[in-house]
>>> print(open('input_20.cif').read())   # mmCIF, C-alpha atoms
data_upload
loop_
_atom_site.label_atom_id
_atom_site.label_comp_id
_atom_site.auth_asym_id
_atom_site.auth_seq_id
_atom_site.Cartn_x
_atom_site.Cartn_y
_atom_site.Cartn_z
CA MET Y 25 -21.38 -20.77 9.79
CA ILE Y 26 -22.99 -21.15 13.20
CA ILE Y 27 -20.91 -23.03 15.76
CA PRO Y 28 -23.25 -25.17 17.87
CA THR Y 29 -23.50 -24.51 21.59
CA LEU Y 30 -22.18 -27.32 23.75
CA ARG Y 31 -25.08 -28.70 25.78
CA CYS Y 32 -25.30 -31.16 28.64
CA ASP Y 33 -26.69 -34.64 28.12
CA GLU Y 34 -30.32 -34.36 29.19
CA ASN Y 35 -29.79 -37.35 31.48
CA LEU Y 36 -27.70 -35.10 33.72
CA PHE Y 37 -30.78 -32.96 34.30
CA ARG Y 38 -32.67 -35.99 35.57
CA LYS Y 39 -30.13 -36.76 38.27
CA ASP Y 40 -31.53 -36.67 41.79
CA LEU Y 41 -29.54 -34.09 43.77
CA GLU Y 42 -31.55 -34.27 46.99
CA GLY Y 43 -29.17 -34.02 49.94
CA LYS Y 44 -26.49 -32.28 47.88
CA TYR Y 45 -25.18 -28.87 48.96
CA TYR Y 46 -23.71 -26.34 46.56
CA ILE Y 47 -22.32 -22.83 46.92
CA VAL Y 48 -22.61 -20.53 43.89
CA THR Y 49 -21.02 -17.09 44.04
CA GLY Y 50 -22.80 -14.34 42.12
CA ALA Y 51 -25.90 -16.53 42.08
CA ASN Y 52 -28.35 -13.64 41.82
CA SER Y 53 -27.85 -12.99 38.09
CA GLY Y 54 -26.50 -14.26 34.79
CA VAL Y 55 -24.79 -17.63 34.53
CA GLY Y 56 -24.74 -18.03 38.32
CA LEU Y 57 -28.51 -17.66 38.51
CA GLU Y 58 -29.14 -20.22 35.78
CA THR Y 59 -26.68 -22.65 37.35
CA THR Y 60 -28.52 -22.26 40.65
CA ARG Y 61 -31.92 -22.65 39.01
CA GLN Y 62 -31.03 -26.02 37.46
CA LEU Y 63 -29.46 -27.41 40.64
CA VAL Y 64 -32.57 -26.45 42.61
CA LYS Y 65 -34.81 -28.05 39.97
CA GLN Y 66 -32.98 -31.31 40.62
CA GLY Y 67 -33.50 -31.16 44.35
CA ALA Y 68 -30.24 -29.66 45.62
CA HIS Y 69 -29.81 -27.04 48.30
CA VAL Y 70 -27.91 -24.04 46.93
CA ILE Y 71 -26.28 -21.39 49.07
CA MET Y 72 -26.57 -18.20 47.04
CA ALA Y 73 -23.41 -16.26 47.91
CA CYS Y 74 -24.04 -12.69 46.83
CA ARG Y 75 -23.06 -9.14 47.55
CA ARG Y 76 -26.67 -8.01 47.02
CA ILE Y 77 -28.79 -10.28 49.22
CA GLU Y 78 -32.09 -8.57 48.47
CA SER Y 79 -31.55 -9.12 44.75
CA ALA Y 80 -30.85 -12.81 45.41
CA LYS Y 81 -34.04 -13.18 47.45
CA GLU Y 82 -36.08 -11.52 44.72
CA VAL Y 83 -34.85 -13.69 41.85
CA ALA Y 84 -35.11 -16.83 43.99
CA LYS Y 85 -38.89 -16.40 43.99
CA SER Y 86 -38.86 -17.63 40.38
CA PHE Y 87 -37.88 -21.14 41.46
CA ALA Y 88 -39.55 -21.27 44.85
CA ALA Y 89 -41.81 -24.13 43.69
CA GLU Y 90 -38.92 -26.37 42.60
CA ARG Y 91 -37.86 -29.51 44.48
CA GLY Y 92 -34.73 -28.05 46.03
CA THR Y 93 -34.13 -25.17 48.40
CA VAL Y 94 -31.92 -22.11 48.67
CA SER Y 95 -30.40 -20.00 51.40
CA PHE Y 96 -28.75 -16.59 51.18
CA GLU Y 97 -25.38 -15.53 52.52
CA LYS Y 98 -23.67 -12.17 52.17
CA LEU Y 99 -20.38 -12.31 50.27
CA ASP Y 100 -18.38 -9.34 49.01
CA LEU Y 101 -15.40 -10.79 47.16
CA SER Y 102 -13.67 -7.41 47.06
CA ASP Y 103 -13.38 -7.43 50.86
CA LEU Y 104 -11.27 -10.20 52.40
CA GLU Y 105 -12.94 -9.68 55.76
CA SER Y 106 -16.31 -10.40 54.16
CA VAL Y 107 -14.88 -13.57 52.61
CA ARG Y 108 -13.52 -14.74 55.98
CA ALA Y 109 -16.83 -14.03 57.70
CA PHE Y 110 -18.73 -15.91 54.99
CA ALA Y 111 -16.44 -18.96 55.27
CA GLU Y 112 -16.70 -19.07 59.06
CA ASN Y 113 -20.48 -18.81 58.83
CA ILE Y 114 -20.65 -21.69 56.36
CA LYS Y 115 -18.39 -23.88 58.49
CA SER Y 116 -20.57 -23.25 61.53
CA LYS Y 117 -23.71 -24.34 59.68
CA HIS Y 118 -22.64 -27.07 57.26
CA LYS Y 119 -20.62 -30.26 57.48
CA LYS Y 120 -20.52 -30.98 53.74
CA ILE Y 121 -20.14 -29.08 50.47
CA ASP Y 122 -20.70 -31.12 47.33
CA GLY Y 123 -19.84 -28.31 44.96
CA LEU Y 124 -18.32 -24.84 45.04
CA VAL Y 125 -18.89 -22.72 41.93
CA ASN Y 126 -16.60 -19.68 41.86
CA ASN Y 127 -18.85 -17.96 39.36
CA ALA Y 128 -18.81 -14.24 40.20
CA GLY Y 129 -16.56 -11.93 38.25
CA MET Y 130 -16.17 -8.32 37.24
CA VAL Y 131 -14.64 -5.91 34.76
CA THR Y 132 -13.90 -2.40 35.96
CA SER Y 133 -14.17 0.76 33.88
CA GLY Y 134 -11.79 3.66 33.49
CA LYS Y 135 -8.12 4.16 32.78
CA VAL Y 136 -6.82 3.87 36.33
CA PRO Y 137 -6.97 0.86 38.65
CA LYS Y 138 -9.75 0.69 41.21
CA ARG Y 139 -8.67 -0.52 44.66
CA THR Y 140 -10.29 -2.74 47.26
CA LYS Y 141 -10.43 -2.01 51.00
CA GLN Y 142 -7.19 -3.97 51.35
CA GLY Y 143 -5.55 -1.98 48.54
CA PHE Y 144 -5.55 -4.64 45.82
CA GLU Y 145 -6.37 -3.99 42.17
CA MET Y 146 -10.10 -4.67 41.98
CA MET Y 147 -10.31 -7.25 39.17
CA PHE Y 148 -7.43 -9.37 40.45
CA ALA Y 149 -8.97 -9.18 43.92
CA VAL Y 150 -12.54 -10.11 42.97
CA ASN Y 151 -11.84 -12.54 40.15
CA HIS Y 152 -8.96 -14.36 41.84
CA LEU Y 153 -7.96 -13.40 45.39
CA GLY Y 154 -11.46 -13.38 46.90
CA HIS Y 155 -12.31 -16.75 45.39
CA PHE Y 156 -8.87 -18.07 46.33
CA LEU Y 157 -9.40 -17.21 50.00
CA LEU Y 158 -12.95 -18.58 49.90
CA THR Y 159 -11.83 -21.90 48.41
CA GLU Y 160 -8.86 -22.34 50.72
CA SER Y 161 -11.00 -21.49 53.76
CA LEU Y 162 -13.59 -24.14 52.86
CA LEU Y 163 -11.19 -26.74 51.51
CA ASP Y 164 -11.29 -29.06 54.53
CA ILE Y 165 -15.08 -29.44 54.32
CA ILE Y 166 -14.97 -29.84 50.55
CA ASN Y 167 -12.27 -32.51 50.74
CA GLU Y 168 -14.24 -34.41 53.37
CA THR Y 169 -17.31 -34.54 51.10
CA GLN Y 170 -17.26 -37.62 48.88
CA GLY Y 171 -17.17 -36.73 45.19
CA SER Y 172 -16.96 -32.97 45.74
CA ARG Y 173 -16.20 -30.58 42.89
CA ILE Y 174 -14.81 -27.07 42.56
CA VAL Y 175 -15.64 -25.15 39.39
CA ILE Y 176 -13.70 -21.94 38.79
CA LEU Y 177 -14.99 -19.66 36.05
CA SER Y 178 -12.17 -18.32 33.93
CA SER Y 179 -12.63 -16.71 30.50
CA ILE Y 180 -11.53 -16.78 26.91
CA GLY Y 181 -9.63 -13.65 27.93
CA HIS Y 182 -6.91 -15.79 29.50
CA ALA Y 183 -5.97 -17.13 26.05
CA GLY Y 184 -5.04 -13.92 24.24
CA SER Y 185 -3.58 -14.37 20.77
CA ASP Y 186 -0.35 -15.68 19.26
CA LYS Y 187 0.85 -12.06 19.23
CA LYS Y 188 0.04 -11.39 22.87
CA ARG Y 189 -0.50 -14.10 25.46
CA PRO Y 190 -1.52 -13.02 28.99
CA GLU Y 191 0.93 -13.86 31.76
CA ILE Y 192 1.13 -13.35 35.51
CA HIS Y 193 3.25 -10.30 36.36
CA PHE Y 194 4.41 -11.37 39.79
CA GLU Y 195 6.59 -8.28 40.15
CA ASP Y 196 3.55 -5.97 40.01
CA LEU Y 197 0.24 -7.78 40.48
CA ASN Y 198 -1.54 -4.65 41.71
CA TYR Y 199 -0.47 -2.25 38.95
CA ASP Y 200 1.48 -0.13 41.38
CA LYS Y 201 4.16 0.46 38.74
CA ARG Y 202 2.76 -0.75 35.42
CA VAL Y 203 0.65 1.43 33.14
CA PHE Y 204 -2.89 0.24 33.78
CA ASN Y 205 -4.83 -1.44 31.00
CA ARG Y 206 -8.17 -2.84 32.13
CA THR Y 207 -8.30 -5.49 29.39
CA ASP Y 208 -4.84 -6.75 30.28
CA ALA Y 209 -5.71 -6.71 33.98
CA TYR Y 210 -8.91 -8.68 33.40
CA CYS Y 211 -7.16 -11.26 31.22
CA GLU Y 212 -4.40 -11.68 33.80
CA SER Y 213 -6.97 -12.32 36.53
CA LYS Y 214 -8.67 -14.92 34.35
CA LEU Y 215 -5.34 -16.66 33.70
CA ALA Y 216 -4.91 -16.74 37.48
CA ASN Y 217 -8.23 -18.61 37.73
CA LEU Y 218 -7.04 -21.28 35.35
CA LEU Y 219 -3.61 -21.66 36.98
CA TYR Y 220 -5.12 -21.91 40.44
CA ALA Y 221 -7.47 -24.67 39.28
CA LYS Y 222 -4.51 -26.57 37.85
CA GLU Y 223 -2.42 -26.24 41.01
CA LEU Y 224 -5.29 -27.03 43.38
CA ALA Y 225 -6.30 -30.10 41.40
CA GLU Y 226 -2.80 -31.50 41.82
CA ARG Y 227 -2.76 -30.67 45.53
CA VAL Y 228 -6.07 -32.40 46.33
CA LYS Y 229 -5.88 -35.35 43.96
CA ASN Y 230 -5.51 -37.81 46.84
CA LYS Y 231 -8.66 -36.37 48.42
CA LYS Y 232 -10.80 -37.29 45.39
CA THR Y 233 -11.91 -33.68 44.97
CA THR Y 234 -12.30 -32.57 41.35
CA VAL Y 235 -11.18 -29.06 40.36
CA VAL Y 236 -11.68 -27.55 36.90
CA SER Y 237 -11.70 -24.14 35.22
CA VAL Y 238 -14.40 -23.03 32.81
CA HIS Y 239 -15.10 -20.57 30.02
CA PRO Y 240 -18.92 -20.34 30.05
CA GLY Y 241 -19.16 -18.64 26.67
CA TRP Y 242 -20.08 -15.16 25.52
CA ALA Y 243 -23.20 -14.83 27.63
CA LYS Y 244 -25.71 -12.03 27.88
CA SER Y 245 -24.67 -11.50 31.47
CA ASN Y 246 -24.26 -8.31 33.47
CA LEU Y 247 -20.48 -8.51 33.12
CA ALA Y 248 -20.87 -6.00 30.30
CA GLY Y 249 -22.20 -3.49 32.81
CA LYS Y 250 -25.24 -1.26 32.37
CA GLY Y 251 -24.03 1.32 29.84
CA PHE Y 252 -23.49 1.43 26.11
CA THR Y 253 -21.48 -1.82 26.06
CA ALA Y 254 -24.40 -3.72 27.56
CA PHE Y 255 -26.81 -2.07 25.09
CA VAL Y 256 -24.68 -3.18 22.15
CA GLN Y 257 -24.34 -6.75 23.49
CA ASN Y 258 -27.92 -7.30 24.61
CA VAL Y 259 -29.86 -5.26 22.05
CA LEU Y 260 -27.99 -4.25 18.90
CA LEU Y 261 -26.24 -7.60 18.43
CA THR Y 262 -29.30 -9.75 19.19
CA PRO Y 263 -30.25 -10.38 15.53
CA VAL Y 264 -26.80 -11.80 14.78
CA ALA Y 265 -26.14 -13.34 18.21
CA PRO Y 266 -25.96 -16.97 16.96
CA LEU Y 267 -23.43 -16.04 14.28
CA LEU Y 268 -21.27 -14.32 16.91
CA THR Y 269 -21.73 -17.20 19.41
CA ILE Y 270 -23.48 -14.87 21.86
CA MET Y 271 -25.67 -17.11 23.98
CA SER Y 272 -28.28 -16.99 26.68
CA ASN Y 273 -27.29 -17.32 30.31
CA GLU Y 274 -29.05 -20.70 30.36
CA ASP Y 275 -26.84 -21.96 27.53
CA ALA Y 276 -23.74 -20.46 29.15
CA ALA Y 277 -24.54 -22.31 32.40
CA GLN Y 278 -24.28 -25.63 30.55
CA THR Y 279 -20.52 -25.86 30.99
CA SER Y 280 -20.64 -25.26 34.75
CA LEU Y 281 -23.45 -27.80 35.11
CA HIS Y 282 -21.59 -30.36 33.01
CA CYS Y 283 -18.55 -29.96 35.25
CA LEU Y 284 -20.66 -30.32 38.40
CA LEU Y 285 -22.74 -33.30 37.30
CA ASP Y 286 -21.11 -35.39 34.57
CA ASP Y 287 -19.58 -38.65 35.77
CA ASP Y 288 -16.56 -38.37 33.45
CA VAL Y 289 -15.36 -34.96 34.64
CA PRO Y 290 -13.25 -36.31 37.57
CA LYS Y 291 -11.03 -37.96 34.97
CA PHE Y 292 -10.03 -34.46 33.84
CA SER Y 293 -9.37 -32.71 37.13
CA GLY Y 294 -7.19 -29.64 36.63
CA GLU Y 295 -8.25 -29.13 33.03
CA TYR Y 296 -10.08 -26.34 31.22
CA PHE Y 297 -13.63 -26.72 29.88
CA SER Y 298 -14.70 -24.19 27.27
CA GLN Y 299 -17.96 -23.29 25.57
CA ASN Y 300 -17.70 -22.28 21.91
CA SER Y 301 -16.62 -18.77 20.98
CA LEU Y 302 -15.63 -16.93 17.83
CA LEU Y 303 -13.57 -14.63 20.05
CA TYR Y 304 -10.77 -17.19 20.21
CA SER Y 305 -8.07 -15.94 17.85
CA ASP Y 306 -6.91 -19.56 17.57
CA LYS Y 307 -9.39 -21.07 15.09
CA GLU Y 308 -9.03 -24.60 16.42
CA CYS Y 309 -10.44 -23.43 19.77
CA ARG Y 310 -13.61 -21.82 18.48
CA ARG Y 311 -15.79 -24.90 18.85
CA GLY Y 312 -14.75 -25.19 22.48
CA GLY Y 313 -14.30 -28.51 24.21
CA TRP Y 314 -15.14 -30.41 27.38
CA PRO Y 315 -12.21 -30.35 28.12
CA MET Y 316 -10.08 -28.23 25.77
CA LYS Y 317 -6.37 -27.48 25.77
CA SER Y 318 -5.73 -23.78 26.28
CA PRO Y 319 -3.78 -22.16 23.42
CA ASN Y 320 -1.88 -20.01 25.94
CA PRO Y 321 1.39 -21.75 26.91
CA ASN Y 322 1.42 -19.73 30.14
CA ALA Y 323 -1.72 -21.62 31.20
CA HIS Y 324 0.28 -24.86 31.38
CA ASP Y 325 3.18 -23.56 33.47
CA MET Y 326 3.00 -25.44 36.76
CA LYS Y 327 5.89 -23.41 38.19
CA SER Y 328 3.81 -20.26 37.73
CA ALA Y 329 0.78 -22.03 39.19
CA LEU Y 330 2.70 -23.04 42.31
CA ARG Y 331 4.17 -19.56 42.64
CA LEU Y 332 0.73 -17.98 42.24
CA THR Y 333 -0.66 -20.06 45.10
CA LYS Y 334 2.30 -19.18 47.32
CA VAL Y 335 1.99 -15.46 46.55
CA SER Y 336 -1.81 -15.49 46.87
CA LYS Y 337 -1.61 -17.10 50.31
CA LYS Y 338 0.69 -14.35 51.45
CA MET Y 339 -1.55 -11.63 50.00
CA VAL Y 340 -4.68 -12.93 51.78
CA GLY Y 341 -2.88 -13.76 55.03
CA LEU Y 342 -2.88 -17.57 54.87
CA LYS Y 343 0.06 -19.72 55.94
#
>>> encode(input="input_20.cif", output="structure tokens")
Amino acid sequence: MIIPTLRCDENLFRKDLEGKYYIVTGANSGVGLETTRQLVKQGAHVIMACRRIESAKEVAKSFAAERGTVSFEKLDLSDLESVRAFAENIKSKHKKIDGLVNNAGMVTSGKVPKRTKQGFEMMFAVNHLGHFLLTESLLDIINETQGSRIVILSSIGHAGSDKKRPEIHFEDLNYDKRVFNRTDAYCESKLANLLYAKELAERVKNKKTTVVSVHPGWAKSNLAGKGFTAFVQNVLLTPVAPLLTIMSNEDAAQTSLHCLLDDDVPKFSGEYFSQNSLLYSDKECRRGGWPMKSPNPNAHDMKSALRLTKVSKKMVGLK
């Protein structure tokens, strides 16, 4: 049985976004690129926040004739100094941000943790800490923009299974003592995304800013890397992709776009929006939902969410 992809109401794609400003991290490829493409089609200005600027400029040629515009800003989420420089640059140039899409993410390879310049475990740093510092640094501008939205890409990985649910290991976030497992590390970073969205939504609710977390689906993105895993995902599994709920990047961008543009989303600030996926071990979750209740009880622990924000601020040097 094929589970249908959740798709935006076509009316959303006829909305006039002229005068709207969005930031999309990792906008030069995959889901981030397709999210950017649609926003530009509708007349928005999108700041493509990327580590590889030349790549962003090259792919942006494909929508140069659209109504909207783009600009390019260097952002390396693995380097907190790069994040700070990016945020200061944005604040010097812009007085409003209608939407921030924390889209970029990574999975490392190998059996030992990779470290950032600041010494953090790479996946936790890129997937959570970098975006955390970026969001907190831009929060004043976002809150001052009427109807602003923050979309944080999480993953099905945060859910785990009834036998093993990911949790935040506050005593050893950087795998200084624990035996490293890259799958566990990735899933923990994705749980951090969801918890941060929940805590931030509560903190800014009086500012009318909407914050949600998203599972975009099993997309043919470059998250799989460039080796054998990518070959299996993008080539060998193509004939059975619909049965496995593997989708195009355009389809995977639907959830982010829904969260940015749909008028009902502000009613669900702090919640989790998921595309379909057969990878959920909990069968009731496989059709996804806009929004959907996470099957992981640790994803609903506000004490952990508050603690994560407190710890994250300390790690990135915020008061």
>>> atom_distance(input="input_20.cif", atom1="atom CA of Y:Arg227", atom2="atom CA of Y:Asp164")
12.5 Å
>>> resolve_selection(input="input_20.cif", expression="the PyMOL selection byres ((chain Y and resi 148) around 9)", output="ChimeraX atom specification")
/Y:144-147,149-154,197-198,209-210,212-214,216
>>> closest_residue(input="input_20.cif", among="Y:Thr132, Y:Ser79, Y:Ser336, Y:Asn167", to="Y:Asp208", atoms="all atoms listed in the file")
Y:Thr132
>>> residues_around(input="input_20.cif", residues="Y:Ala221", least_positions_apart="3", cutoff="12 Å", atoms="all atoms listed in the file", output="PyMOL selection string")
chain Y and resi 125-126+152+155-156+159-160+173-178+214-218+224-229+233-238+292-297+323-324+326+329-330+332-333
>>> closest_residue(input="input_20.cif", among="Y:Leu63, Y:Lys39, Y:Ala89, Y:Ile121", to="Y:Gly171", atoms="all atoms listed in the file")
Y:Ile121
>>> axis_aligned_box(input="input_20.cif", around="stretch 45-59 of chain Y", padding_each_side="3 Å", output="lines of an AutoDock Vina configuration file")
center_x = -25.1
center_y = -20.9
center_z = 41.7
size_x = 14.1
size_y = 21.9
size_z = 20.4
>>> build_atoms(input="input_20.cif", residues="stretch 149-181 of chain Y", atoms="N, CA and C atoms", output="compact mmCIF listing (two decimals), in the frame of the given file")
# COMPACT_ATOMS: atom_id res chain seq x y z
N ALA Y 149 -8.45 -8.87 42.60
CA ALA Y 149 -8.97 -9.18 43.92
C ALA Y 149 -10.29 -9.95 43.84
N VAL Y 150 -11.23 -9.47 43.06
CA VAL Y 150 -12.54 -10.11 42.97
C VAL Y 150 -12.48 -11.41 42.19
N ASN Y 151 -11.84 -11.37 41.03
CA ASN Y 151 -11.84 -12.54 40.15
C ASN Y 151 -10.94 -13.67 40.64
N HIS Y 152 -9.86 -13.31 41.35
CA HIS Y 152 -8.96 -14.36 41.84
C HIS Y 152 -8.82 -14.40 43.35
N LEU Y 153 -8.33 -13.34 43.97
CA LEU Y 153 -7.96 -13.40 45.39
C LEU Y 153 -9.15 -13.74 46.30
N GLY Y 154 -10.30 -13.11 46.07
CA GLY Y 154 -11.46 -13.38 46.90
C GLY Y 154 -11.89 -14.84 46.80
N HIS Y 155 -11.95 -15.35 45.58
CA HIS Y 155 -12.31 -16.75 45.39
C HIS Y 155 -11.22 -17.68 45.92
N PHE Y 156 -9.98 -17.27 45.81
CA PHE Y 156 -8.87 -18.07 46.33
C PHE Y 156 -9.02 -18.24 47.85
N LEU Y 157 -9.25 -17.14 48.55
CA LEU Y 157 -9.40 -17.21 50.00
C LEU Y 157 -10.64 -18.02 50.37
N LEU Y 158 -11.73 -17.83 49.65
CA LEU Y 158 -12.95 -18.58 49.90
C LEU Y 158 -12.70 -20.08 49.76
N THR Y 159 -12.08 -20.48 48.67
CA THR Y 159 -11.83 -21.90 48.41
C THR Y 159 -10.91 -22.50 49.45
N GLU Y 160 -9.81 -21.81 49.74
CA GLU Y 160 -8.86 -22.34 50.72
C GLU Y 160 -9.49 -22.44 52.12
N SER Y 161 -10.37 -21.51 52.44
CA SER Y 161 -11.00 -21.49 53.76
C SER Y 161 -12.01 -22.63 53.92
N LEU Y 162 -12.59 -23.08 52.82
CA LEU Y 162 -13.59 -24.14 52.86
C LEU Y 162 -13.05 -25.50 52.43
N LEU Y 163 -11.76 -25.55 52.14
CA LEU Y 163 -11.19 -26.74 51.51
C LEU Y 163 -11.32 -28.00 52.37
N ASP Y 164 -11.19 -27.87 53.67
CA ASP Y 164 -11.29 -29.06 54.53
C ASP Y 164 -12.67 -29.70 54.41
N ILE Y 165 -13.73 -28.89 54.45
CA ILE Y 165 -15.08 -29.44 54.32
C ILE Y 165 -15.29 -30.04 52.94
N ILE Y 166 -14.82 -29.35 51.92
CA ILE Y 166 -14.97 -29.84 50.55
C ILE Y 166 -14.26 -31.18 50.38
N ASN Y 167 -13.03 -31.27 50.87
CA ASN Y 167 -12.27 -32.51 50.74
C ASN Y 167 -12.89 -33.67 51.49
N GLU Y 168 -13.61 -33.35 52.57
CA GLU Y 168 -14.24 -34.41 53.37
C GLU Y 168 -15.57 -34.87 52.79
N THR Y 169 -16.05 -34.18 51.75
CA THR Y 169 -17.31 -34.54 51.10
C THR Y 169 -17.03 -35.44 49.91
N GLN Y 170 -17.53 -36.65 49.94
CA GLN Y 170 -17.26 -37.62 48.88
C GLN Y 170 -17.72 -37.10 47.52
N GLY Y 171 -16.82 -37.12 46.55
CA GLY Y 171 -17.17 -36.73 45.19
C GLY Y 171 -17.35 -35.24 44.98
N SER Y 172 -16.78 -34.42 45.84
CA SER Y 172 -16.96 -32.97 45.74
C SER Y 172 -16.26 -32.40 44.51
N ARG Y 173 -16.75 -31.23 44.07
CA ARG Y 173 -16.20 -30.58 42.89
C ARG Y 173 -16.09 -29.07 43.11
N ILE Y 174 -15.03 -28.52 42.54
CA ILE Y 174 -14.81 -27.07 42.56
C ILE Y 174 -14.72 -26.60 41.11
N VAL Y 175 -15.60 -25.69 40.75
CA VAL Y 175 -15.64 -25.15 39.39
C VAL Y 175 -15.28 -23.68 39.45
N ILE Y 176 -14.20 -23.32 38.77
CA ILE Y 176 -13.70 -21.94 38.79
C ILE Y 176 -13.90 -21.31 37.42
N LEU Y 177 -14.73 -20.28 37.35
CA LEU Y 177 -14.99 -19.66 36.05
C LEU Y 177 -13.83 -18.76 35.66
N SER Y 178 -13.22 -19.12 34.54
CA SER Y 178 -12.17 -18.32 33.93
C SER Y 178 -12.80 -17.58 32.75
N SER Y 179 -12.11 -17.44 31.66
CA SER Y 179 -12.63 -16.71 30.50
C SER Y 179 -11.73 -16.96 29.30
N ILE Y 180 -12.32 -16.78 28.14
CA ILE Y 180 -11.53 -16.78 26.91
C ILE Y 180 -10.42 -15.74 26.98
N GLY Y 181 -10.62 -14.71 27.81
CA GLY Y 181 -9.63 -13.65 27.93
C GLY Y 181 -8.26 -14.14 28.34
